[in-house]
file final-v8.pdb (PDB, N, CA and C atoms)
ATOM      1  N   MET W  28      10.937  -6.341 -17.426
ATOM      2  CA  MET W  28      10.496  -5.040 -17.913
ATOM      3  C   MET W  28       9.451  -4.444 -16.977
ATOM      4  N   GLY W  29       8.548  -5.263 -16.417
ATOM      5  CA  GLY W  29       7.485  -4.754 -15.557
ATOM      6  C   GLY W  29       7.991  -4.110 -14.281
ATOM      7  N   MET W  30       9.055  -4.662 -13.711
ATOM      8  CA  MET W  30       9.546  -4.125 -12.452
ATOM      9  C   MET W  30      10.056  -2.700 -12.593
ATOM     10  N   PRO W  31      10.894  -2.367 -13.606
ATOM     11  CA  PRO W  31      11.344  -0.970 -13.713
ATOM     12  C   PRO W  31      10.176   0.012 -13.876
ATOM     13  N   ILE W  32       9.171  -0.378 -14.637
ATOM     14  CA  ILE W  32       8.022   0.506 -14.829
ATOM     15  C   ILE W  32       7.272   0.675 -13.507
ATOM     16  N   SER W  33       7.069  -0.408 -12.785
ATOM     17  CA  SER W  33       6.399  -0.317 -11.485
ATOM     18  C   SER W  33       7.198   0.546 -10.527
ATOM     19  N   HIS W  34       8.510   0.394 -10.557
ATOM     20  CA  HIS W  34       9.365   1.202  -9.682
ATOM     21  C   HIS W  34       9.248   2.681 -10.029
ATOM     22  N   ILE W  35       9.260   2.997 -11.307
ATOM     23  CA  ILE W  35       9.137   4.395 -11.737
ATOM     24  C   ILE W  35       7.801   4.975 -11.284
ATOM     25  N   MET W  36       6.723   4.216 -11.471
ATOM     26  CA  MET W  36       5.402   4.704 -11.082
ATOM     27  C   MET W  36       5.306   4.866  -9.561
ATOM     28  N   THR W  37       5.875   3.928  -8.823
ATOM     29  CA  THR W  37       5.839   4.001  -7.370
ATOM     30  C   THR W  37       6.634   5.196  -6.888
ATOM     31  N   SER W  38       7.812   5.387  -7.437
ATOM     32  CA  SER W  38       8.638   6.520  -7.042
ATOM     33  C   SER W  38       7.933   7.826  -7.383
ATOM     34  N   GLY W  39       7.294   7.869  -8.535
ATOM     35  CA  GLY W  39       6.577   9.069  -8.949
ATOM     36  C   GLY W  39       5.402   9.389  -8.052
ATOM     37  N   MET W  40       4.855   8.378  -7.386
ATOM     38  CA  MET W  40       3.747   8.603  -6.465
ATOM     39  C   MET W  40       4.241   8.687  -5.026
ATOM     40  N   SER W  41       5.541   8.873  -4.861
ATOM     41  CA  SER W  41       6.176   9.067  -3.557
ATOM     42  C   SER W  41       6.217   7.818  -2.694
ATOM     43  N   GLY W  42       6.074   6.648  -3.258
ATOM     44  CA  GLY W  42       6.190   5.416  -2.481
ATOM     45  C   GLY W  42       5.306   5.425  -1.255
ATOM     46  N   ILE W  43       5.869   5.081  -0.101
ATOM     47  CA  ILE W  43       5.112   5.017   1.150
ATOM     48  C   ILE W  43       4.761   6.414   1.677
ATOM     49  N   ARG W  44       5.351   7.461   1.139
ATOM     50  CA  ARG W  44       4.970   8.818   1.550
ATOM     51  C   ARG W  44       3.545   9.131   1.102
ATOM     52  N   ALA W  45       3.092   8.449   0.075
ATOM     53  CA  ALA W  45       1.719   8.630  -0.411
ATOM     54  C   ALA W  45       1.101   7.243  -0.564
ATOM     55  N   ALA W  46       0.758   6.834  -1.788
ATOM     56  CA  ALA W  46       0.154   5.508  -1.972
ATOM     57  C   ALA W  46       0.857   4.697  -3.047
ATOM     58  N   GLY W  47       2.032   5.113  -3.444
ATOM     59  CA  GLY W  47       2.751   4.413  -4.507
ATOM     60  C   GLY W  47       3.030   2.961  -4.198
ATOM     61  N   ASP W  48       3.336   2.658  -2.942
ATOM     62  CA  ASP W  48       3.616   1.264  -2.585
ATOM     63  C   ASP W  48       2.374   0.406  -2.725
ATOM     64  N   LEU W  49       1.212   0.967  -2.418
ATOM     65  CA  LEU W  49      -0.038   0.215  -2.514
ATOM     66  C   LEU W  49      -0.409  -0.038  -3.973
ATOM     67  N   VAL W  50      -0.221   0.980  -4.806
ATOM     68  CA  VAL W  50      -0.523   0.848  -6.231
ATOM     69  C   VAL W  50       0.419  -0.177  -6.865
ATOM     70  N   ALA W  51       1.701  -0.083  -6.553
ATOM     71  CA  ALA W  51       2.675  -1.024  -7.112
ATOM     72  C   ALA W  51       2.376  -2.446  -6.654
ATOM     73  N   ARG W  52       1.959  -2.609  -5.404
ATOM     74  CA  ARG W  52       1.629  -3.943  -4.892
ATOM     75  C   ARG W  52       0.493  -4.553  -5.711
ATOM     76  N   MET W  53      -0.502  -3.761  -6.055
ATOM     77  CA  MET W  53      -1.617  -4.278  -6.850
ATOM     78  C   MET W  53      -1.165  -4.581  -8.275
ATOM     79  N   GLN W  54      -0.277  -3.756  -8.817
ATOM     80  CA  GLN W  54       0.240  -4.022 -10.156
ATOM     81  C   GLN W  54       0.976  -5.360 -10.195
ATOM     82  N   LEU W  55       1.804  -5.586  -9.195
ATOM     83  CA  LEU W  55       2.631  -6.786  -9.201
ATOM     84  C   LEU W  55       1.876  -8.031  -8.760
ATOM     85  N   SER W  56       1.008  -7.907  -7.760
ATOM     86  CA  SER W  56       0.341  -9.104  -7.243
ATOM     87  C   SER W  56      -0.891  -9.500  -8.050
ATOM     88  N   LYS W  57      -1.542  -8.545  -8.679
ATOM     89  CA  LYS W  57      -2.767  -8.846  -9.433
ATOM     90  C   LYS W  57      -2.638  -8.536 -10.920
ATOM     91  N   SER W  58      -1.413  -8.246 -11.361
ATOM     92  CA  SER W  58      -1.145  -7.939 -12.779
ATOM     93  C   SER W  58      -2.037  -6.823 -13.318
ATOM     94  N   MET W  59      -2.285  -5.823 -12.489
ATOM     95  CA  MET W  59      -3.110  -4.695 -12.915
ATOM     96  C   MET W  59      -2.240  -3.658 -13.630
ATOM     97  N   ARG W  60      -2.832  -2.971 -14.570
ATOM     98  CA  ARG W  60      -2.176  -1.815 -15.186
ATOM     99  C   ARG W  60      -2.237  -0.674 -14.171
ATOM    100  N   VAL W  61      -1.389   0.322 -14.341
ATOM    101  CA  VAL W  61      -1.280   1.383 -13.340
ATOM    102  C   VAL W  61      -2.616   2.095 -13.115
ATOM    103  N   GLY W  62      -3.358   2.398 -14.155
ATOM    104  CA  GLY W  62      -4.644   3.081 -13.995
ATOM    105  C   GLY W  62      -5.647   2.241 -13.226
ATOM    106  N   GLU W  63      -5.688   0.964 -13.543
ATOM    107  CA  GLU W  63      -6.579   0.032 -12.855
ATOM    108  C   GLU W  63      -6.181  -0.100 -11.383
ATOM    109  N   ALA W  64      -4.875  -0.172 -11.118
ATOM    110  CA  ALA W  64      -4.383  -0.287  -9.741
ATOM    111  C   ALA W  64      -4.704   0.975  -8.941
ATOM    112  N   LYS W  65      -4.531   2.133  -9.556
ATOM    113  CA  LYS W  65      -4.865   3.392  -8.872
ATOM    114  C   LYS W  65      -6.351   3.438  -8.532
ATOM    115  N   ASP W  66      -7.184   3.069  -9.490
ATOM    116  CA  ASP W  66      -8.631   3.065  -9.246
ATOM    117  C   ASP W  66      -9.004   2.121  -8.111
ATOM    118  N   TYR W  67      -8.405   0.932  -8.107
ATOM    119  CA  TYR W  67      -8.684  -0.074  -7.084
ATOM    120  C   TYR W  67      -8.292   0.443  -5.697
ATOM    121  N   VAL W  68      -7.071   0.958  -5.582
ATOM    122  CA  VAL W  68      -6.580   1.447  -4.293
ATOM    123  C   VAL W  68      -7.397   2.650  -3.832
ATOM    124  N   ALA W  69      -7.694   3.575  -4.729
ATOM    125  CA  ALA W  69      -8.489   4.756  -4.363
ATOM    126  C   ALA W  69      -9.855   4.343  -3.833
ATOM    127  N   LYS W  70     -10.473   3.364  -4.482
ATOM    128  CA  LYS W  70     -11.782   2.874  -4.025
ATOM    129  C   LYS W  70     -11.669   2.256  -2.637
ATOM    130  N   LYS W  71     -10.633   1.436  -2.421
ATOM    131  CA  LYS W  71     -10.445   0.796  -1.117
ATOM    132  C   LYS W  71     -10.187   1.823  -0.009
ATOM    133  N   LEU W  72      -9.488   2.898  -0.349
ATOM    134  CA  LEU W  72      -9.168   3.939   0.634
ATOM    135  C   LEU W  72     -10.259   5.000   0.749
ATOM    136  N   ASP W  73     -11.230   4.951  -0.165
ATOM    137  CA  ASP W  73     -12.315   5.931  -0.210
ATOM    138  C   ASP W  73     -11.784   7.350  -0.422
ATOM    139  N   VAL W  74     -10.863   7.480  -1.408
ATOM    140  CA  VAL W  74     -10.307   8.772  -1.800
ATOM    141  C   VAL W  74     -10.322   8.851  -3.319
ATOM    142  N   THR W  75      -9.949  10.009  -3.860
ATOM    143  CA  THR W  75      -9.832  10.150  -5.310
ATOM    144  C   THR W  75      -8.458   9.649  -5.748
ATOM    145  N   THR W  76      -8.318   9.370  -7.031
ATOM    146  CA  THR W  76      -7.010   8.945  -7.524
ATOM    147  C   THR W  76      -5.989  10.073  -7.384
ATOM    148  N   ASP W  77      -6.410  11.321  -7.442
ATOM    149  CA  ASP W  77      -5.491  12.446  -7.221
ATOM    150  C   ASP W  77      -4.968  12.443  -5.785
ATOM    151  N   ASP W  78      -5.805  12.037  -4.837
ATOM    152  CA  ASP W  78      -5.386  11.989  -3.436
ATOM    153  C   ASP W  78      -4.263  10.980  -3.207
ATOM    154  N   LEU W  79      -4.163   9.974  -4.054
ATOM    155  CA  LEU W  79      -3.160   8.929  -3.876
ATOM    156  C   LEU W  79      -1.732   9.467  -3.920
ATOM    157  N   SER W  80      -1.518  10.559  -4.608
ATOM    158  CA  SER W  80      -0.166  11.128  -4.687
ATOM    159  C   SER W  80       0.002  12.367  -3.815
ATOM    160  N   ASP W  81      -0.995  12.687  -3.010
ATOM    161  CA  ASP W  81      -0.930  13.837  -2.100
ATOM    162  C   ASP W  81      -0.369  13.363  -0.749
ATOM    163  N   GLU W  82       0.856  13.765  -0.450
ATOM    164  CA  GLU W  82       1.527  13.303   0.765
ATOM    165  C   GLU W  82       0.791  13.700   2.037
ATOM    166  N   TYR W  83       0.127  14.826   2.030
ATOM    167  CA  TYR W  83      -0.577  15.280   3.240
ATOM    168  C   TYR W  83      -1.839  14.462   3.494
ATOM    169  N   VAL W  84      -2.601  14.235   2.450
ATOM    170  CA  VAL W  84      -3.819  13.420   2.569
ATOM    171  C   VAL W  84      -3.443  12.005   2.981
ATOM    172  N   MET W  85      -2.457  11.442   2.292
ATOM    173  CA  MET W  85      -2.088  10.056   2.530
ATOM    174  C   MET W  85      -1.413   9.850   3.877
ATOM    175  N   ARG W  86      -0.655  10.825   4.366
ATOM    176  CA  ARG W  86      -0.007  10.666   5.677
ATOM    177  C   ARG W  86      -1.068  10.434   6.756
ATOM    178  N   GLU W  87      -2.073  11.283   6.761
ATOM    179  CA  GLU W  87      -3.136  11.163   7.765
ATOM    180  C   GLU W  87      -3.905   9.858   7.590
ATOM    181  N   LEU W  88      -4.222   9.520   6.353
ATOM    182  CA  LEU W  88      -4.977   8.307   6.075
ATOM    183  C   LEU W  88      -4.184   7.050   6.440
ATOM    184  N   ARG W  89      -2.896   7.039   6.097
ATOM    185  CA  ARG W  89      -2.057   5.879   6.422
ATOM    186  C   ARG W  89      -1.968   5.683   7.931
ATOM    187  N   GLU W  90      -1.866   6.781   8.660
ATOM    188  CA  GLU W  90      -1.839   6.681  10.131
ATOM    189  C   GLU W  90      -3.165   6.127  10.640
ATOM    190  N   ASP W  91      -4.279   6.691  10.158
ATOM    191  CA  ASP W  91      -5.609   6.260  10.604
ATOM    192  C   ASP W  91      -5.856   4.775  10.322
ATOM    193  N   LEU W  92      -5.392   4.295   9.165
ATOM    194  CA  LEU W  92      -5.624   2.907   8.759
ATOM    195  C   LEU W  92      -4.555   1.942   9.277
ATOM    196  N   GLY W  93      -3.479   2.484   9.837
ATOM    197  CA  GLY W  93      -2.420   1.629  10.357
ATOM    198  C   GLY W  93      -1.683   0.861   9.279
ATOM    199  N   ILE W  94      -1.448   1.520   8.132
ATOM    200  CA  ILE W  94      -0.785   0.830   7.022
ATOM    201  C   ILE W  94       0.623   1.349   6.779
ATOM    202  N   GLY W  95       1.221   1.950   7.786
ATOM    203  CA  GLY W  95       2.613   2.357   7.717
ATOM    204  C   GLY W  95       2.830   3.756   7.190
ATOM    205  N   VAL W  96       3.765   4.435   7.830
ATOM    206  CA  VAL W  96       4.183   5.774   7.409
ATOM    207  C   VAL W  96       5.706   5.811   7.394
ATOM    208  N   ILE W  97       6.257   6.816   6.755
ATOM    209  CA  ILE W  97       7.703   6.901   6.573
ATOM    210  C   ILE W  97       8.441   7.135   7.895
ATOM    211  N   THR W  98       7.857   7.895   8.808
ATOM    212  CA  THR W  98       8.493   8.170  10.099
ATOM    213  C   THR W  98       7.698   7.492  11.199
ATOM    214  N   SER W  99       8.379   7.123  12.254
ATOM    215  CA  SER W  99       7.722   6.419  13.354
ATOM    216  C   SER W  99       6.704   7.296  14.075
ATOM    217  N   VAL W 100       5.624   6.675  14.445
ATOM    218  CA  VAL W 100       4.598   7.304  15.263
ATOM    219  C   VAL W 100       4.380   6.365  16.439
ATOM    220  N   ALA W 101       4.523   6.889  17.635
ATOM    221  CA  ALA W 101       4.379   6.053  18.825
ATOM    222  C   ALA W 101       3.046   5.318  18.825
ATOM    223  N   GLY W 102       3.099   4.016  18.986
ATOM    224  CA  GLY W 102       1.892   3.205  19.063
ATOM    225  C   GLY W 102       1.290   2.817  17.723
ATOM    226  N   ALA W 103       1.797   3.358  16.633
ATOM    227  CA  ALA W 103       1.249   3.044  15.308
ATOM    228  C   ALA W 103       1.849   1.736  14.797
ATOM    229  N   PRO W 104       1.081   0.973  14.011
ATOM    230  CA  PRO W 104       1.611  -0.275  13.448
ATOM    231  C   PRO W 104       2.826  -0.009  12.559
ATOM    232  N   LYS W 105       3.819  -0.882  12.676
ATOM    233  CA  LYS W 105       5.023  -0.794  11.852
ATOM    234  C   LYS W 105       5.318  -2.183  11.303
ATOM    235  N   GLY W 106       6.157  -2.243  10.318
ATOM    236  CA  GLY W 106       6.639  -3.518   9.792
ATOM    237  C   GLY W 106       5.540  -4.489   9.433
ATOM    238  N   ILE W 107       5.659  -5.689   9.976
ATOM    239  CA  ILE W 107       4.730  -6.770   9.625
ATOM    240  C   ILE W 107       3.293  -6.430  10.024
ATOM    241  N   ALA W 108       3.110  -5.706  11.128
ATOM    242  CA  ALA W 108       1.750  -5.330  11.546
ATOM    243  C   ALA W 108       1.106  -4.421  10.507
ATOM    244  N   ALA W 109       1.858  -3.470   9.976
ATOM    245  CA  ALA W 109       1.332  -2.586   8.934
ATOM    246  C   ALA W 109       1.032  -3.380   7.663
ATOM    247  N   LYS W 110       1.916  -4.329   7.321
ATOM    248  CA  LYS W 110       1.681  -5.143   6.121
ATOM    249  C   LYS W 110       0.432  -5.998   6.274
ATOM    250  N   MET W 111       0.182  -6.501   7.466
ATOM    251  CA  MET W 111      -1.032  -7.296   7.684
ATOM    252  C   MET W 111      -2.279  -6.421   7.526
ATOM    253  N   ASN W 112      -2.191  -5.165   7.925
ATOM    254  CA  ASN W 112      -3.310  -4.242   7.715
ATOM    255  C   ASN W 112      -3.500  -3.957   6.226
ATOM    256  N   ILE W 113      -2.400  -3.868   5.488
ATOM    257  CA  ILE W 113      -2.479  -3.659   4.035
ATOM    258  C   ILE W 113      -3.163  -4.866   3.378
ATOM    259  N   GLU W 114      -2.814  -6.068   3.829
ATOM    260  CA  GLU W 114      -3.465  -7.284   3.306
ATOM    261  C   GLU W 114      -4.975  -7.197   3.416
ATOM    262  N   LYS W 115      -5.448  -6.844   4.600
ATOM    263  CA  LYS W 115      -6.896  -6.755   4.840
ATOM    264  C   LYS W 115      -7.526  -5.675   3.976
ATOM    265  N   LEU W 116      -6.880  -4.525   3.943
ATOM    266  CA  LEU W 116      -7.416  -3.379   3.207
ATOM    267  C   LEU W 116      -7.550  -3.658   1.718
ATOM    268  N   LEU W 117      -6.529  -4.287   1.130
ATOM    269  CA  LEU W 117      -6.517  -4.506  -0.314
ATOM    270  C   LEU W 117      -6.993  -5.898  -0.734
ATOM    271  N   ASP W 118      -7.430  -6.708   0.228
ATOM    272  CA  ASP W 118      -7.926  -8.053  -0.073
ATOM    273  C   ASP W 118      -6.908  -8.886  -0.844
ATOM    274  N   LEU W 119      -5.713  -9.048  -0.290
ATOM    275  CA  LEU W 119      -4.689  -9.869  -0.922
ATOM    276  C   LEU W 119      -3.826 -10.531   0.137
ATOM    277  N   ASN W 120      -3.019 -11.489  -0.286
ATOM    278  CA  ASN W 120      -2.068 -12.142   0.604
ATOM    279  C   ASN W 120      -0.685 -11.611   0.317
ATOM    280  N   ILE W 121       0.074 -11.349   1.375
ATOM    281  CA  ILE W 121       1.461 -10.918   1.250
ATOM    282  C   ILE W 121       2.309 -12.049   1.813
ATOM    283  N   ASN W 122       3.273 -12.522   1.026
ATOM    284  CA  ASN W 122       4.063 -13.699   1.396
ATOM    285  C   ASN W 122       4.686 -13.601   2.778
ATOM    286  N   CYS W 123       5.307 -12.469   3.111
ATOM    287  CA  CYS W 123       5.974 -12.380   4.413
ATOM    288  C   CYS W 123       4.956 -12.454   5.553
ATOM    289  N   CYS W 124       3.740 -12.017   5.333
ATOM    290  CA  CYS W 124       2.693 -12.130   6.360
ATOM    291  C   CYS W 124       2.300 -13.589   6.553
ATOM    292  N   ASP W 125       2.180 -14.324   5.436
ATOM    293  CA  ASP W 125       1.880 -15.758   5.523
ATOM    294  C   ASP W 125       2.971 -16.501   6.286
ATOM    295  N   LYS W 126       4.225 -16.182   5.981
ATOM    296  CA  LYS W 126       5.352 -16.834   6.664
ATOM    297  C   LYS W 126       5.352 -16.489   8.150
ATOM    298  N   PHE W 127       5.055 -15.255   8.477
ATOM    299  CA  PHE W 127       5.008 -14.840   9.876
ATOM    300  C   PHE W 127       3.921 -15.603  10.635
ATOM    301  N   ARG W 128       2.743 -15.713  10.027
ATOM    302  CA  ARG W 128       1.648 -16.455  10.663
ATOM    303  C   ARG W 128       2.029 -17.910  10.913
ATOM    304  N   LYS W 129       2.760 -18.525   9.977
ATOM    305  CA  LYS W 129       3.205 -19.913  10.161
ATOM    306  C   LYS W 129       4.205 -20.018  11.318
ATOM    307  N   GLN W 130       5.065 -19.018  11.451
ATOM    308  CA  GLN W 130       6.074 -19.042  12.515
ATOM    309  C   GLN W 130       5.445 -18.912  13.897
ATOM    310  N   ILE W 131       4.385 -18.154  14.005
ATOM    311  CA  ILE W 131       3.798 -17.939  15.324
ATOM    312  C   ILE W 131       2.716 -18.962  15.665
ATOM    313  N   ALA W 132       2.352 -19.792  14.687
ATOM    314  CA  ALA W 132       1.300 -20.799  14.909
ATOM    315  C   ALA W 132       1.781 -21.915  15.812
TER     316      ALA W 132
END

call {"tool": "encode", "arguments": {"input": "final-v8.pdb", "output": "structure tokens"}}
result
Amino acid sequence: MGMPISHIMTSGMSGIRAAGDLVARMQLSKSMRVGEAKDYVAKKLDVTTDDLSDEYVMRELREDLGIGVITSVAGAPKGIAAKMNIEKLLDLNINCCDKFRKQIA
């Protein structure tokens, strides 16, 4: 039941176009309710909770923080590099990042 609700909330916040992916990650990894997850992510990003769903604000911020954007930007972190930046920003572990670190060790 939790996954469909998280998916709906993430889609409603435009996913990676805004901050929906970050909010959903906190909901799923830390069992936060959507309001709590939004507050947490907004605090970490130093924006308002309204900014989390603003594609223009979030596009610039995501580029600046290197946490991934929907379209490629030359030299910007993508894939696993962006996920590793998300780990640091949100103070959590992401399984695929852990596996990647083990592979390169």

call {"tool": "atom_distance", "arguments": {"input": "final-v8.pdb", "atom1": "atom N of Tyr83 in chain W", "atom2": "atom N of Pro104 in chain W"}}
result
18.3 Å

call {"tool": "residues_around", "arguments": {"input": "final-v8.pdb", "residues": "range 70-81 of chain W", "least_positions_apart": "2", "cutoff": "6 Å", "atoms": "only N, CA and C atoms", "output": "ChimeraX atom specification"}}
result
/W:40,45-47,65-68,83-86

call {"tool": "atom_distance", "arguments": {"input": "final-v8.pdb", "atom1": "atom C of Arg44 in chain W", "atom2": "atom C of Cys123 in chain W"}}
result
22.1 Å

call {"tool": "atom_distance", "arguments": {"input": "final-v8.pdb", "atom1": "atom N of Leu88 in chain W", "atom2": "CA of Ile113 in chain W"}}
result
13.5 Å

call {"tool": "residues_around", "arguments": {"input": "final-v8.pdb", "residues": "Ser56 in chain W", "least_positions_apart": "2", "cutoff": "12 Å", "atoms": "only C-alpha atoms", "output": "ChimeraX atom specification"}}
result
/W:29-30,33,48-54,58-60,64,114,117-122

call {"tool": "resolve_selection", "arguments": {"input": "final-v8.pdb", "expression": "the PyMOL selection byres (((chain W and resi 94 and name CA) around 6) and name CA)", "output": "number ranges by chain"}}
result
W: 89, 92-93, 95, 109, 112-113

call {"tool": "write_last_selection", "arguments": {"input": "final-v8.pdb", "atoms": "N, CA and C atoms", "output": "CSV table (one decimal), keeping the file's coordinate frame"}}
result
chain,number,residue,atom,x,y,z
W,89,ARG,N,-2.9,7.0,6.1
W,89,ARG,CA,-2.1,5.9,6.4
W,89,ARG,C,-2.0,5.7,7.9
W,92,LEU,N,-5.4,4.3,9.2
W,92,LEU,CA,-5.6,2.9,8.8
W,92,LEU,C,-4.6,1.9,9.3
W,93,GLY,N,-3.5,2.5,9.8
W,93,GLY,CA,-2.4,1.6,10.4
W,93,GLY,C,-1.7,0.9,9.3
W,95,GLY,N,1.2,2.0,7.8
W,95,GLY,CA,2.6,2.4,7.7
W,95,GLY,C,2.8,3.8,7.2
W,109,ALA,N,1.9,-3.5,10.0
W,109,ALA,CA,1.3,-2.6,8.9
W,109,ALA,C,1.0,-3.4,7.7
W,112,ASN,N,-2.2,-5.2,7.9
W,112,ASN,CA,-3.3,-4.2,7.7
W,112,ASN,C,-3.5,-4.0,6.2
W,113,ILE,N,-2.4,-3.9,5.5
W,113,ILE,CA,-2.5,-3.7,4.0
W,113,ILE,C,-3.2,-4.9,3.4

call {"tool": "select_by_dssp", "arguments": {"input": "final-v8.pdb", "residues": "range 35-120 of chain W", "states": "alpha helix (DSSP H)", "output": "PyMOL selection string"}}
result
chain W and resi 35-39+47-57+61-72+82-92+106-117

call {"tool": "closest_residue", "arguments": {"input": "final-v8.pdb", "among": "W:Ala101, W:Ala69, W:Lys57, W:Ile131", "to": "Leu116 in chain W", "atoms": "only C-alpha atoms"}}
result
W:Ala69
